[in-house]
>>> print(open('final_39.cif').read())   # mmCIF, C-alpha atoms and all ligand atoms
data_run
loop_
_atom_site.label_atom_id
_atom_site.label_comp_id
_atom_site.auth_asym_id
_atom_site.auth_seq_id
_atom_site.Cartn_x
_atom_site.Cartn_y
_atom_site.Cartn_z
CA MET Q 459 -31.83 -1.51 -13.52
CA MET Q 460 -28.31 -2.68 -12.76
CA GLN Q 461 -26.39 -2.95 -16.00
CA TYR Q 462 -23.03 -3.69 -14.40
CA ASP Q 463 -22.32 -6.65 -12.16
CA PHE Q 464 -20.65 -5.35 -9.02
CA ASP Q 465 -21.35 -8.64 -7.22
CA ARG Q 466 -18.83 -10.51 -9.38
CA ILE Q 467 -15.70 -11.57 -7.50
CA VAL Q 468 -12.51 -10.84 -9.41
CA ASP Q 469 -9.52 -12.75 -8.09
CA ARG Q 470 -6.81 -10.09 -7.75
CA GLU Q 471 -4.29 -12.28 -5.93
CA GLY Q 472 -1.00 -12.59 -7.76
CA THR Q 473 -1.83 -9.69 -10.10
CA SER Q 474 0.60 -7.29 -8.37
CA ALA Q 475 -2.39 -5.57 -6.74
CA ALA Q 476 -0.88 -3.79 -3.71
CA LYS Q 477 -4.10 -4.38 -1.78
CA TYR Q 478 -3.60 -8.16 -2.02
CA ASP Q 479 0.05 -8.76 -2.71
CA GLU Q 480 1.34 -6.44 0.04
CA ARG Q 481 -0.66 -8.13 2.78
CA VAL Q 482 2.29 -9.98 4.26
CA LYS Q 483 4.34 -6.79 4.26
CA ASN Q 484 1.54 -4.83 5.92
CA PHE Q 485 -0.21 -7.28 8.18
CA GLY Q 486 2.39 -10.02 8.60
CA THR Q 487 0.07 -12.55 6.94
CA ASP Q 488 -1.94 -13.03 3.77
CA GLN Q 489 -4.76 -14.54 5.81
CA VAL Q 490 -6.74 -11.31 5.98
CA ILE Q 491 -9.54 -9.96 3.79
CA PRO Q 492 -7.91 -6.82 2.37
CA LEU Q 493 -10.09 -3.80 3.11
CA TRP Q 494 -7.35 -1.19 3.37
CA ILE Q 495 -5.66 0.79 0.53
CA ALA Q 496 -8.19 2.91 -1.38
CA ASP Q 497 -8.80 1.10 -4.61
CA MET Q 498 -11.83 -0.97 -5.56
CA ASP Q 499 -12.30 -4.65 -6.26
CA PHE Q 500 -14.46 -3.78 -9.30
CA PRO Q 501 -13.27 -3.59 -12.94
CA THR Q 502 -13.57 -0.07 -14.30
CA ALA Q 503 -16.21 1.20 -16.73
CA PRO Q 504 -16.44 -1.07 -19.82
CA PRO Q 505 -15.73 1.75 -22.35
CA VAL Q 506 -12.39 2.33 -20.60
CA VAL Q 507 -11.51 -1.36 -20.74
CA ASP Q 508 -12.41 -1.48 -24.45
CA ALA Q 509 -10.32 1.60 -25.22
CA LEU Q 510 -7.31 0.20 -23.34
CA VAL Q 511 -7.57 -3.22 -25.02
CA LYS Q 512 -7.57 -1.46 -28.37
CA ARG Q 513 -4.53 0.60 -27.36
CA ALA Q 514 -2.76 -2.52 -26.04
CA GLN Q 515 -3.38 -4.32 -29.32
CA GLU Q 516 -1.68 -1.54 -31.27
CA GLY Q 517 1.57 -2.96 -29.95
CA ILE Q 518 3.41 0.35 -30.23
CA TRP Q 519 3.30 2.60 -27.17
CA GLY Q 520 5.79 5.29 -28.03
CA TYR Q 521 6.13 8.80 -26.56
CA THR Q 522 2.64 10.07 -26.14
CA SER Q 523 1.29 13.45 -27.10
CA ARG Q 524 -1.57 14.97 -25.10
CA PRO Q 525 -4.28 16.40 -27.38
CA ASP Q 526 -6.36 19.42 -26.31
CA SER Q 527 -9.33 17.09 -25.97
CA TYR Q 528 -7.75 15.58 -22.83
CA PHE Q 529 -8.10 18.60 -20.54
CA GLN Q 530 -11.31 19.56 -22.34
CA ALA Q 531 -12.72 16.23 -21.13
CA VAL Q 532 -11.55 17.01 -17.57
CA CYS Q 533 -13.15 20.46 -17.70
CA GLY Q 534 -16.33 19.16 -19.34
CA TRP Q 535 -16.79 16.66 -16.50
CA GLN Q 536 -16.39 19.35 -13.83
CA GLU Q 537 -18.77 21.72 -15.56
CA ARG Q 538 -21.40 19.05 -16.19
CA ARG Q 539 -21.30 17.52 -12.73
CA ASN Q 540 -20.29 20.36 -10.43
CA GLY Q 541 -21.10 23.48 -12.42
CA TRP Q 542 -17.44 24.47 -12.17
CA LYS Q 543 -16.09 26.26 -15.26
CA ILE Q 544 -12.35 25.68 -15.63
CA ASP Q 545 -10.01 27.08 -18.24
CA PRO Q 546 -8.13 24.10 -19.77
CA ALA Q 547 -5.13 26.44 -20.04
CA CYS Q 548 -4.90 26.39 -16.22
CA CYS Q 549 -4.80 22.57 -15.96
CA SER Q 550 -1.61 20.55 -15.43
CA TYR Q 551 -0.83 16.89 -15.64
CA ALA Q 552 0.85 15.08 -12.73
CA LEU Q 553 1.59 11.49 -11.85
CA GLY Q 554 -0.95 11.61 -9.05
CA VAL Q 555 -2.49 13.86 -6.43
CA ILE Q 556 0.12 13.09 -3.78
CA PRO Q 557 3.01 13.61 -6.22
CA ALA Q 558 1.37 16.93 -7.23
CA ILE Q 559 1.01 18.02 -3.59
CA GLY Q 560 4.56 16.85 -2.82
CA SER Q 561 5.96 18.91 -5.67
CA MET Q 562 4.08 22.02 -4.53
CA ILE Q 563 5.33 21.53 -0.98
CA GLN Q 564 8.85 21.44 -2.42
CA TYR Q 565 8.76 24.53 -4.59
CA MET Q 566 6.21 26.66 -2.72
CA THR Q 567 7.45 26.16 0.85
CA ALA Q 568 10.80 25.87 2.60
CA PRO Q 569 12.10 23.24 5.02
CA GLY Q 570 10.65 23.84 8.46
CA ASP Q 571 7.57 25.65 7.11
CA ARG Q 572 4.31 24.79 8.85
CA ILE Q 573 1.51 23.05 6.94
CA LEU Q 574 -2.03 22.70 8.30
CA ILE Q 575 -4.17 19.55 8.01
CA GLN Q 576 -7.46 18.52 9.60
CA SER Q 577 -6.98 15.21 11.39
CA PRO Q 578 -7.94 12.44 11.37
CA VAL Q 579 -6.99 12.72 7.71
CA TYR Q 580 -5.48 10.68 4.86
CA GLY Q 581 -2.15 9.35 6.16
CA ASP Q 582 -0.10 10.45 3.15
CA PHE Q 583 -0.78 14.06 4.16
CA PHE Q 584 1.29 13.41 7.30
CA ASP Q 585 3.98 11.54 5.38
CA ILE Q 586 4.43 14.02 2.53
CA ILE Q 587 4.81 16.93 4.97
CA HIS Q 588 7.11 15.04 7.32
CA ASP Q 589 9.23 13.44 4.59
CA ASN Q 590 9.87 16.87 3.04
CA ASN Q 591 11.06 18.20 6.41
CA ARG Q 592 8.12 20.54 6.84
CA THR Q 593 6.17 20.83 10.09
CA ILE Q 594 2.78 19.16 10.52
CA VAL Q 595 0.18 21.37 12.19
CA GLU Q 596 -3.00 19.50 13.15
CA ASN Q 597 -6.40 21.13 13.40
CA LYS Q 598 -8.04 18.20 15.14
CA MET Q 599 -11.64 17.47 14.22
CA ILE Q 600 -14.13 17.16 17.08
CA ALA Q 601 -16.25 14.01 17.39
CA ASN Q 602 -19.90 14.91 17.93
CA GLY Q 603 -20.65 11.51 19.45
CA ASP Q 604 -23.08 10.35 16.77
CA GLY Q 605 -20.48 9.42 14.16
CA THR Q 606 -20.35 12.94 12.73
CA TRP Q 607 -17.40 15.29 13.25
CA SER Q 608 -17.02 19.07 13.26
CA VAL Q 609 -14.24 21.54 12.70
CA ASP Q 610 -12.74 23.13 15.82
CA TRP Q 611 -13.02 26.64 14.38
CA ALA Q 612 -11.31 28.48 17.24
CA ASP Q 613 -8.32 26.18 16.80
CA PHE Q 614 -8.46 26.54 12.99
CA GLU Q 615 -8.51 30.33 13.19
CA ALA Q 616 -5.56 30.35 15.59
CA LYS Q 617 -3.48 27.88 13.57
CA ILE Q 618 -4.13 29.21 10.06
CA LYS Q 619 -2.30 32.37 11.14
CA THR Q 620 0.83 30.32 11.83
CA VAL Q 621 1.16 28.25 8.64
CA LYS Q 622 2.42 28.65 5.09
CA MET Q 623 0.08 26.12 3.47
CA PHE Q 624 -3.27 24.42 4.19
CA LEU Q 625 -4.07 20.98 2.73
CA LEU Q 626 -7.85 20.70 2.59
CA CYS Q 627 -9.31 17.23 2.04
CA SER Q 628 -12.63 17.84 0.26
CA PRO Q 629 -14.56 15.63 0.60
CA HIS Q 630 -12.83 14.38 3.68
CA ASN Q 631 -11.06 11.03 3.93
CA PRO Q 632 -11.59 9.18 6.31
CA LEU Q 633 -14.57 10.98 7.87
CA GLY Q 634 -16.65 11.09 4.67
CA ILE Q 635 -17.57 14.75 5.18
CA VAL Q 636 -18.94 16.79 2.27
CA TRP Q 637 -18.06 20.35 3.24
CA GLN Q 638 -20.86 22.89 3.19
CA ARG Q 639 -20.64 26.20 1.37
CA GLU Q 640 -20.29 28.25 4.58
CA GLU Q 641 -17.48 26.05 5.85
CA LEU Q 642 -15.58 26.27 2.58
CA GLU Q 643 -16.09 30.03 2.40
CA LYS Q 644 -14.71 30.40 5.89
CA MET Q 645 -11.66 28.25 5.11
CA VAL Q 646 -10.90 30.10 1.87
CA SER Q 647 -11.34 33.56 3.35
CA LEU Q 648 -9.23 32.75 6.42
CA ALA Q 649 -6.49 31.25 4.24
CA LYS Q 650 -6.52 34.25 1.93
CA ALA Q 651 -6.59 36.79 4.74
CA ASN Q 652 -3.46 35.18 6.17
CA GLY Q 653 -1.66 34.66 2.86
CA VAL Q 654 -1.78 30.87 3.28
CA ILE Q 655 -1.50 28.69 0.16
CA LEU Q 656 -4.68 26.59 -0.05
CA ILE Q 657 -4.54 23.25 -1.85
CA SER Q 658 -7.89 21.49 -2.08
CA ASP Q 659 -7.53 17.73 -2.60
CA GLU Q 660 -10.82 16.80 -4.30
CA ILE Q 661 -9.82 13.30 -5.42
CA HIS Q 662 -12.94 11.75 -3.82
CA SER Q 663 -15.34 14.37 -5.14
CA ASP Q 664 -17.12 12.10 -7.63
CA LEU Q 665 -18.15 9.74 -4.82
CA ILE Q 666 -20.86 11.67 -3.01
CA PHE Q 667 -23.95 10.15 -1.35
CA ASN Q 668 -27.06 10.82 0.72
CA GLY Q 669 -28.25 13.70 -1.45
CA LYS Q 670 -25.19 15.79 -0.61
CA LYS Q 671 -23.55 18.03 -3.19
CA HIS Q 672 -19.83 18.56 -3.65
CA ILE Q 673 -18.81 22.18 -4.06
CA PRO Q 674 -15.36 22.64 -5.62
CA ALA Q 675 -13.64 25.18 -3.34
CA ALA Q 676 -12.41 27.11 -6.39
CA SER Q 677 -16.00 27.46 -7.66
CA LEU Q 678 -17.25 29.33 -4.58
CA SER Q 679 -16.60 32.83 -5.90
CA PRO Q 680 -14.29 34.73 -8.25
CA GLU Q 681 -12.13 35.37 -5.19
CA ALA Q 682 -11.82 31.62 -4.52
CA ALA Q 683 -11.18 30.88 -8.22
CA GLY Q 684 -8.27 33.30 -8.04
CA TYR Q 685 -6.81 31.68 -4.95
CA VAL Q 686 -7.44 27.95 -4.54
CA ILE Q 687 -5.31 25.23 -6.16
CA THR Q 688 -7.33 22.05 -6.80
CA CYS Q 689 -6.24 18.44 -7.27
CA ILE Q 690 -8.63 16.07 -9.03
CA SER Q 691 -8.23 12.67 -10.61
CA ALA Q 692 -10.20 10.12 -12.60
CA THR Q 693 -8.06 7.39 -11.07
CA LYS Q 694 -9.99 7.22 -7.77
CA THR Q 695 -13.42 7.52 -9.40
CA PHE Q 696 -12.73 4.90 -12.06
CA ASN Q 697 -10.40 2.59 -10.15
CA MET Q 698 -7.25 3.05 -12.16
CA ALA Q 699 -4.74 4.38 -9.64
CA GLY Q 700 -2.12 2.11 -11.21
CA LEU Q 701 -2.22 4.23 -14.38
CA GLN Q 702 -0.94 7.27 -12.44
CA ALA Q 703 -2.46 10.46 -13.82
CA SER Q 704 -4.07 13.39 -12.02
CA THR Q 705 -4.99 16.96 -12.86
CA THR Q 706 -4.04 20.09 -10.92
CA VAL Q 707 -6.15 23.16 -11.59
CA PHE Q 708 -4.49 26.53 -10.99
CA PRO Q 709 -5.97 30.00 -10.55
CA THR Q 710 -3.66 31.44 -13.23
CA VAL Q 711 -1.63 30.31 -16.24
CA GLU Q 712 1.49 31.68 -14.51
CA MET Q 713 0.97 29.33 -11.57
CA LYS Q 714 0.40 26.46 -13.97
CA ALA Q 715 3.64 27.31 -15.78
CA GLN Q 716 5.56 27.25 -12.50
CA PHE Q 717 4.17 23.79 -11.68
CA ASP Q 718 4.95 22.52 -15.18
CA ARG Q 719 8.54 23.78 -14.86
CA PHE Q 720 9.03 21.68 -11.73
CA TRP Q 721 7.84 18.54 -13.52
CA ARG Q 722 9.67 19.36 -16.74
CA ASN Q 723 12.90 19.60 -14.78
CA LEU Q 724 12.37 15.93 -13.97
CA GLU Q 725 11.32 15.26 -17.57
CA ILE Q 726 7.91 14.15 -16.33
CA HIS Q 727 5.34 15.92 -18.42
CA ARG Q 728 3.78 13.29 -20.63
CA ASN Q 729 0.89 10.97 -19.86
CA ASN Q 730 1.81 7.39 -20.54
CA ALA Q 731 0.13 5.75 -23.54
CA PHE Q 732 -2.55 4.13 -21.36
CA SER Q 733 -3.45 6.87 -18.87
CA LEU Q 734 -4.00 9.27 -21.74
CA ILE Q 735 -6.73 7.18 -23.30
CA ALA Q 736 -8.16 5.89 -20.00
CA VAL Q 737 -8.72 9.31 -18.39
CA GLU Q 738 -10.35 10.86 -21.42
CA THR Q 739 -12.57 7.84 -22.10
CA ALA Q 740 -13.63 7.64 -18.45
CA TYR Q 741 -14.68 11.29 -18.34
CA ARG Q 742 -16.46 11.08 -21.68
CA GLU Q 743 -18.10 7.65 -21.47
CA GLY Q 744 -17.96 6.47 -17.86
CA GLU Q 745 -20.78 8.38 -16.25
CA ALA Q 746 -23.46 5.67 -16.40
CA TRP Q 747 -21.08 3.16 -14.77
CA LEU Q 748 -20.24 5.66 -12.00
CA GLU Q 749 -23.90 6.34 -11.21
CA GLN Q 750 -24.57 2.60 -10.79
CA LEU Q 751 -21.40 2.11 -8.79
CA LYS Q 752 -22.62 4.76 -6.35
CA VAL Q 753 -25.92 2.93 -5.82
CA TYR Q 754 -24.00 -0.28 -5.08
CA LEU Q 755 -21.58 1.46 -2.71
CA ARG Q 756 -24.42 3.14 -0.82
CA ASP Q 757 -26.01 -0.27 -0.27
CA ASN Q 758 -22.65 -1.60 0.93
CA PHE Q 759 -22.45 1.18 3.54
CA GLN Q 760 -25.96 0.32 4.72
CA PHE Q 761 -25.08 -3.36 4.96
CA VAL Q 762 -21.99 -2.73 7.11
CA HIS Q 763 -23.80 -0.16 9.22
CA ASP Q 764 -26.80 -2.41 9.89
CA TYR Q 765 -24.70 -5.51 10.51
CA CYS Q 766 -22.64 -3.71 13.13
CA ALA Q 767 -25.70 -2.10 14.75
CA GLN Q 768 -27.48 -5.45 15.01
CA GLN Q 769 -24.70 -7.97 15.65
CA ILE Q 770 -21.59 -6.05 16.73
CA PRO Q 771 -22.88 -2.98 18.60
CA ALA Q 772 -19.45 -2.32 20.12
CA VAL Q 773 -18.28 -1.36 16.60
CA LYS Q 774 -19.98 1.71 15.19
CA ALA Q 775 -19.89 2.09 11.41
CA HIS Q 776 -21.02 5.54 10.37
CA ILE Q 777 -22.41 5.86 6.83
CA PRO Q 778 -20.17 8.36 5.02
CA ASP Q 779 -21.52 11.16 2.81
CA ALA Q 780 -18.52 10.71 0.51
CA THR Q 781 -15.67 8.33 -0.44
CA TYR Q 782 -16.06 4.54 -0.26
CA LEU Q 783 -14.30 4.40 3.09
CA MET Q 784 -15.96 3.82 6.46
CA TRP Q 785 -14.45 5.11 9.69
CA LEU Q 786 -15.12 2.46 12.34
CA ASP Q 787 -15.43 3.57 15.95
CA CYS Q 788 -14.18 0.55 17.90
CA ARG Q 789 -13.58 2.32 21.20
CA GLU Q 790 -16.14 0.20 23.05
CA LEU Q 791 -13.94 -2.84 22.49
CA GLY Q 792 -11.74 -1.23 25.14
CA MET Q 793 -8.37 -1.91 23.46
CA ASP Q 794 -5.42 0.39 22.94
CA GLN Q 795 -4.60 1.08 19.28
CA ASP Q 796 -1.91 -1.58 18.91
CA ALA Q 797 -4.10 -4.24 20.52
CA LEU Q 798 -7.01 -3.22 18.30
CA ALA Q 799 -4.91 -3.44 15.11
CA LYS Q 800 -3.59 -6.85 16.22
CA PHE Q 801 -7.11 -8.06 17.06
CA MET Q 802 -8.41 -7.12 13.60
CA ILE Q 803 -5.60 -9.04 11.90
CA GLU Q 804 -5.19 -12.06 14.13
CA LYS Q 805 -8.69 -12.64 15.50
CA ALA Q 806 -11.01 -11.12 12.88
CA GLY Q 807 -8.83 -11.85 9.81
CA LEU Q 808 -9.36 -8.35 8.47
CA GLY Q 809 -6.80 -6.17 6.72
CA LEU Q 810 -8.14 -2.73 7.69
CA SER Q 811 -6.29 0.60 7.66
CA ASN Q 812 -4.97 1.37 11.12
CA GLY Q 813 -6.62 4.50 12.52
CA LYS Q 814 -3.24 5.58 13.86
CA GLY Q 815 -2.13 6.47 10.33
CA PHE Q 816 -4.87 9.13 10.13
CA ALA Q 817 -4.55 10.53 13.64
CA PRO Q 818 -1.55 9.53 15.74
CA SER Q 819 -3.18 10.83 18.92
CA LEU Q 820 -6.54 9.04 18.56
CA ALA Q 821 -7.15 5.48 19.73
CA GLY Q 822 -9.94 3.06 18.93
CA TYR Q 823 -10.56 3.75 15.25
CA MET Q 824 -9.99 1.72 12.07
CA ARG Q 825 -10.89 2.43 8.43
CA LEU Q 826 -12.75 -0.04 6.24
CA ASN Q 827 -12.73 0.11 2.43
CA ALA Q 828 -16.26 -0.84 1.35
CA ALA Q 829 -15.56 -0.87 -2.41
CA CYS Q 830 -15.85 -4.61 -2.92
CA PRO Q 831 -18.57 -7.14 -3.75
CA ARG Q 832 -21.23 -7.46 -1.03
CA SER Q 833 -20.28 -11.09 -0.40
CA THR Q 834 -16.78 -9.97 0.62
CA LEU Q 835 -18.29 -7.61 3.17
CA GLU Q 836 -20.59 -10.39 4.38
CA ARG Q 837 -17.58 -12.60 5.06
CA ALA Q 838 -15.76 -9.73 6.73
CA MET Q 839 -18.67 -8.90 9.01
CA LYS Q 840 -19.18 -12.56 9.98
CA GLN Q 841 -15.50 -12.86 10.88
CA LEU Q 842 -15.62 -9.65 12.91
CA GLU Q 843 -18.78 -10.74 14.71
CA ALA Q 844 -17.27 -14.10 15.66
CA ALA Q 845 -14.06 -12.46 16.89
CA VAL Q 846 -15.87 -9.87 18.99
CA LYS Q 847 -18.24 -12.45 20.46
CA ALA Q 848 -15.26 -14.61 21.45
CA LEU Q 849 -13.73 -11.80 23.52
C1 LIG V 901 -7.42 12.25 -0.01
C2 LIG V 901 -6.53 11.50 -0.94
N1 LIG V 901 -5.63 12.17 -1.69
C3 LIG V 901 -4.81 11.52 -2.54
C4 LIG V 901 -4.84 10.16 -2.67
C5 LIG V 901 -3.85 9.46 -3.56
O1 LIG V 901 -3.89 10.02 -4.82
P1 LIG V 901 -2.84 9.59 -5.93
O2 LIG V 901 -2.87 8.11 -6.04
O3 LIG V 901 -3.36 10.29 -7.14
O4 LIG V 901 -1.51 10.11 -5.47
C6 LIG V 901 -5.76 9.42 -1.91
C7 LIG V 901 -5.81 7.95 -2.05
O5 LIG V 901 -6.43 7.27 -1.30
C8 LIG V 901 -6.62 10.11 -1.03
O6 LIG V 901 -7.50 9.45 -0.28
#
>>> encode(input="final_39.cif", output="structure tokens")
Amino acid sequence: MMQYDFDRIVDREGTSAAKYDERVKNFGTDQVIPLWIADMDFPTAPPVVDALVKRAQEGIWGYTSRPDSYFQAVCGWQERRNGWKIDPACCSYALGVIPAIGSMIQYMTAPGDRILIQSPVYGDFFDIIHDNNRTIVENKMIANGDGTWSVDWADFEAKIKTVKMFLLCSPHNPLGIVWQREELEKMVSLAKANGVILISDEIHSDLIFNGKKHIPAASLSPEAAGYVITCISATKTFNMAGLQASTTVFPTVEMKAQFDRFWRNLEIHRNNAFSLIAVETAYREGEAWLEQLKVYLRDNFQFVHDYCAQQIPAVKAHIPDATYLMWLDCRELGMDQDALAKFMIEKAGLGLSNGKGFAPSLAGYMRLNAACPRSTLERAMKQLEAAVKAL
């Protein structure tokens, strides 16, 4: 039975929600349904809201001390849900997964160093490499033609030999891939054999569907545990990215200490008063909410998939195995990427993520964020149908 009401529309306009209040900046108009940046239009788990209200009412939010129970809650979640045993002494706090990755790029690599990614992939991977003056190396995924994608292994094996670092997106945004054990083993052993730093971004790993199972790369074997650096965060799972807190899990306490030194040098080592309580409460008391959220999201994917198949066959919406993001194959509309992006904004009234941000060399793809009430998706699909039929 549904205990939480994911159908309820929450008006986020004017609340400084980037998804809504940056529409003019991003799309040139606020007349689009925002289905882009990866947060959800659902309030988080009620125990987290209650804990934050209580904290807010204290009225004093001074410098905040992180108790041992914080990382114990992070580790407990991973052990319970993924069977991954982590030593809390190897966990570090950061302001977010991208800030954590950015810091590691800065102190583990040098300008000009080559960093491998598997595109199409989360756009910030491109930006954080480029903006730090490192070199982007793309292992381009191969489309199988049925909405699924595969690794080009020959290309991966050639390129991993030429890079200093590999940013693995596991599960994969935007393709929704849950990596299989053999694939992960191959990636880890090739990275290790070539002395390549492997950072596994597992921020979407609590959002897994279709009977698939997420395997933390560091949990594969003792060898992997001694090699892989993992980024996880309750902020994606529980829709609190604005609180800015993630966890980085290191193979050794020495590696953790090195990371902490980087952040300490910026005097950034404390959670803020709200993230501290929100993360721990979410991991300890949010599981029932997450399980129901996943049921709702899976139905959302089905709705979008079926609507496109039946009414808008030129747009193919593959059901992802992970994340709440759907990679739309719009190639049959026959537009170049700029025309497609313009069409979605001006004709369909949709604020989607432009596929170009995930793969500069691909054309014909857009990404849709399906983490919103069903009625929002119904409006979006009706608008898209009308726009396509008017072509
Ligand atoms: C793969 C991936 N990594 C990292 C992030 C951002 O994480 P954070 O907000 O913790 O920097 C996102 C957000 O969408 C993401 O999809």
>>> residues_around(input="final_39.cif", residues="range 710-718 of chain Q", least_positions_apart="4", cutoff="9 Å", atoms="all atoms listed in the file", output="PDB file with C-alpha atoms, in the frame of the given file")
ATOM      1  CA  ALA Q 547      -5.130  26.440 -20.040  1.00  0.00           C
ATOM      2  CA  CYS Q 548      -4.900  26.390 -16.220  1.00  0.00           C
ATOM      3  CA  CYS Q 549      -4.800  22.570 -15.960  1.00  0.00           C
ATOM      4  CA  SER Q 550      -1.610  20.550 -15.430  1.00  0.00           C
ATOM      5  CA  TYR Q 551      -0.830  16.890 -15.640  1.00  0.00           C
ATOM      6  CA  ALA Q 552       0.850  15.080 -12.730  1.00  0.00           C
ATOM      7  CA  ALA Q 558       1.370  16.930  -7.230  1.00  0.00           C
ATOM      8  CA  SER Q 561       5.960  18.910  -5.670  1.00  0.00           C
ATOM      9  CA  MET Q 562       4.080  22.020  -4.530  1.00  0.00           C
ATOM     10  CA  TYR Q 565       8.760  24.530  -4.590  1.00  0.00           C
ATOM     11  CA  GLY Q 684      -8.270  33.300  -8.040  1.00  0.00           C
ATOM     12  CA  TYR Q 685      -6.810  31.680  -4.950  1.00  0.00           C
ATOM     13  CA  THR Q 706      -4.040  20.090 -10.920  1.00  0.00           C
ATOM     14  CA  ARG Q 722       9.670  19.360 -16.740  1.00  0.00           C
ATOM     15  CA  ASN Q 723      12.900  19.600 -14.780  1.00  0.00           C
ATOM     16  CA  ILE Q 726       7.910  14.150 -16.330  1.00  0.00           C
ATOM     17  CA  HIS Q 727       5.340  15.920 -18.420  1.00  0.00           C
TER      18      HIS Q 727
END
>>> closest_atom_pairs(input="final_39.cif", of="chain Q", to="ligand LIG 901 (chain V)", cutoff="9 Å", atoms="only C-alpha atoms and all ligand atoms", output="JSON lines")
{"residue": "Q:Ile495", "atom": "CA", "partner": "V:LIG901", "partner_atom": "O5", "distance": 6.8}
{"residue": "Q:Ala496", "atom": "CA", "partner": "V:LIG901", "partner_atom": "O5", "distance": 4.7}
{"residue": "Q:Asp497", "atom": "CA", "partner": "V:LIG901", "partner_atom": "O5", "distance": 7.4}
{"residue": "Q:Ala552", "atom": "CA", "partner": "V:LIG901", "partner_atom": "O3", "distance": 8.5}
{"residue": "Q:Leu553", "atom": "CA", "partner": "V:LIG901", "partner_atom": "O3", "distance": 6.9}
{"residue": "Q:Gly554", "atom": "CA", "partner": "V:LIG901", "partner_atom": "O3", "distance": 3.3}
{"residue": "Q:Val555", "atom": "CA", "partner": "V:LIG901", "partner_atom": "O3", "distance": 3.7}
{"residue": "Q:Ile556", "atom": "CA", "partner": "V:LIG901", "partner_atom": "O4", "distance": 3.8}
{"residue": "Q:Pro557", "atom": "CA", "partner": "V:LIG901", "partner_atom": "O4", "distance": 5.8}
{"residue": "Q:Ala558", "atom": "CA", "partner": "V:LIG901", "partner_atom": "O4", "distance": 7.6}
{"residue": "Q:Ile559", "atom": "CA", "partner": "V:LIG901", "partner_atom": "O4", "distance": 8.5}
{"residue": "Q:Val579", "atom": "CA", "partner": "V:LIG901", "partner_atom": "C1", "distance": 7.7}
{"residue": "Q:Tyr580", "atom": "CA", "partner": "V:LIG901", "partner_atom": "C1", "distance": 5.5}
{"residue": "Q:Gly581", "atom": "CA", "partner": "V:LIG901", "partner_atom": "O6", "distance": 8.4}
{"residue": "Q:Asp582", "atom": "CA", "partner": "V:LIG901", "partner_atom": "C3", "distance": 7.5}
{"residue": "Q:Phe583", "atom": "CA", "partner": "V:LIG901", "partner_atom": "N1", "distance": 7.8}
{"residue": "Q:Leu626", "atom": "CA", "partner": "V:LIG901", "partner_atom": "C1", "distance": 8.9}
{"residue": "Q:Cys627", "atom": "CA", "partner": "V:LIG901", "partner_atom": "C1", "distance": 5.7}
{"residue": "Q:Ser628", "atom": "CA", "partner": "V:LIG901", "partner_atom": "C1", "distance": 7.6}
{"residue": "Q:Pro629", "atom": "CA", "partner": "V:LIG901", "partner_atom": "C1", "distance": 7.9}
{"residue": "Q:His630", "atom": "CA", "partner": "V:LIG901", "partner_atom": "C1", "distance": 6.9}
{"residue": "Q:Asn631", "atom": "CA", "partner": "V:LIG901", "partner_atom": "C1", "distance": 5.5}
{"residue": "Q:Pro632", "atom": "CA", "partner": "V:LIG901", "partner_atom": "O6", "distance": 7.8}
{"residue": "Q:Asp659", "atom": "CA", "partner": "V:LIG901", "partner_atom": "N1", "distance": 5.9}
{"residue": "Q:Glu660", "atom": "CA", "partner": "V:LIG901", "partner_atom": "C1", "distance": 7.1}
{"residue": "Q:Ile661", "atom": "CA", "partner": "V:LIG901", "partner_atom": "N1", "distance": 5.7}
{"residue": "Q:His662", "atom": "CA", "partner": "V:LIG901", "partner_atom": "C1", "distance": 6.7}
{"residue": "Q:Cys689", "atom": "CA", "partner": "V:LIG901", "partner_atom": "N1", "distance": 8.4}
{"residue": "Q:Ile690", "atom": "CA", "partner": "V:LIG901", "partner_atom": "O3", "distance": 8.0}
{"residue": "Q:Ser691", "atom": "CA", "partner": "V:LIG901", "partner_atom": "O3", "distance": 6.4}
{"residue": "Q:Ala692", "atom": "CA", "partner": "V:LIG901", "partner_atom": "O3", "distance": 8.8}
{"residue": "Q:Thr693", "atom": "CA", "partner": "V:LIG901", "partner_atom": "O3", "distance": 6.8}
{"residue": "Q:Lys694", "atom": "CA", "partner": "V:LIG901", "partner_atom": "C7", "distance": 7.1}
{"residue": "Q:Ala699", "atom": "CA", "partner": "V:LIG901", "partner_atom": "O2", "distance": 5.5}
{"residue": "Q:Gly700", "atom": "CA", "partner": "V:LIG901", "partner_atom": "O2", "distance": 8.0}
{"residue": "Q:Gln702", "atom": "CA", "partner": "V:LIG901", "partner_atom": "O3", "distance": 6.6}
{"residue": "Q:Ala703", "atom": "CA", "partner": "V:LIG901", "partner_atom": "O3", "distance": 6.7}
{"residue": "Q:Ser704", "atom": "CA", "partner": "V:LIG901", "partner_atom": "O3", "distance": 5.8}
{"residue": "Q:Thr705", "atom": "CA", "partner": "V:LIG901", "partner_atom": "O3", "distance": 8.9}
{"residue": "Q:Thr781", "atom": "CA", "partner": "V:LIG901", "partner_atom": "O6", "distance": 8.2}
>>> atom_distance(input="final_39.cif", atom1="CA of Arg832 in chain Q", atom2="CA of Val511 in chain Q")
27.9 Å
>>> residues_near_point(input="final_39.cif", point="(-12.0, -11.9, 21.3)", cutoff="9 Å", atoms="only C-alpha atoms", output="PyMOL selection string")
chain Q and resi 801+805-806+844-849
>>> closest_residue(input="final_39.cif", among="Q:Ala682, Q:Ala746, Q:Lys598, Q:Asp488", to="Phe708 in chain Q", atoms="only C-alpha atoms")
Q:Ala682
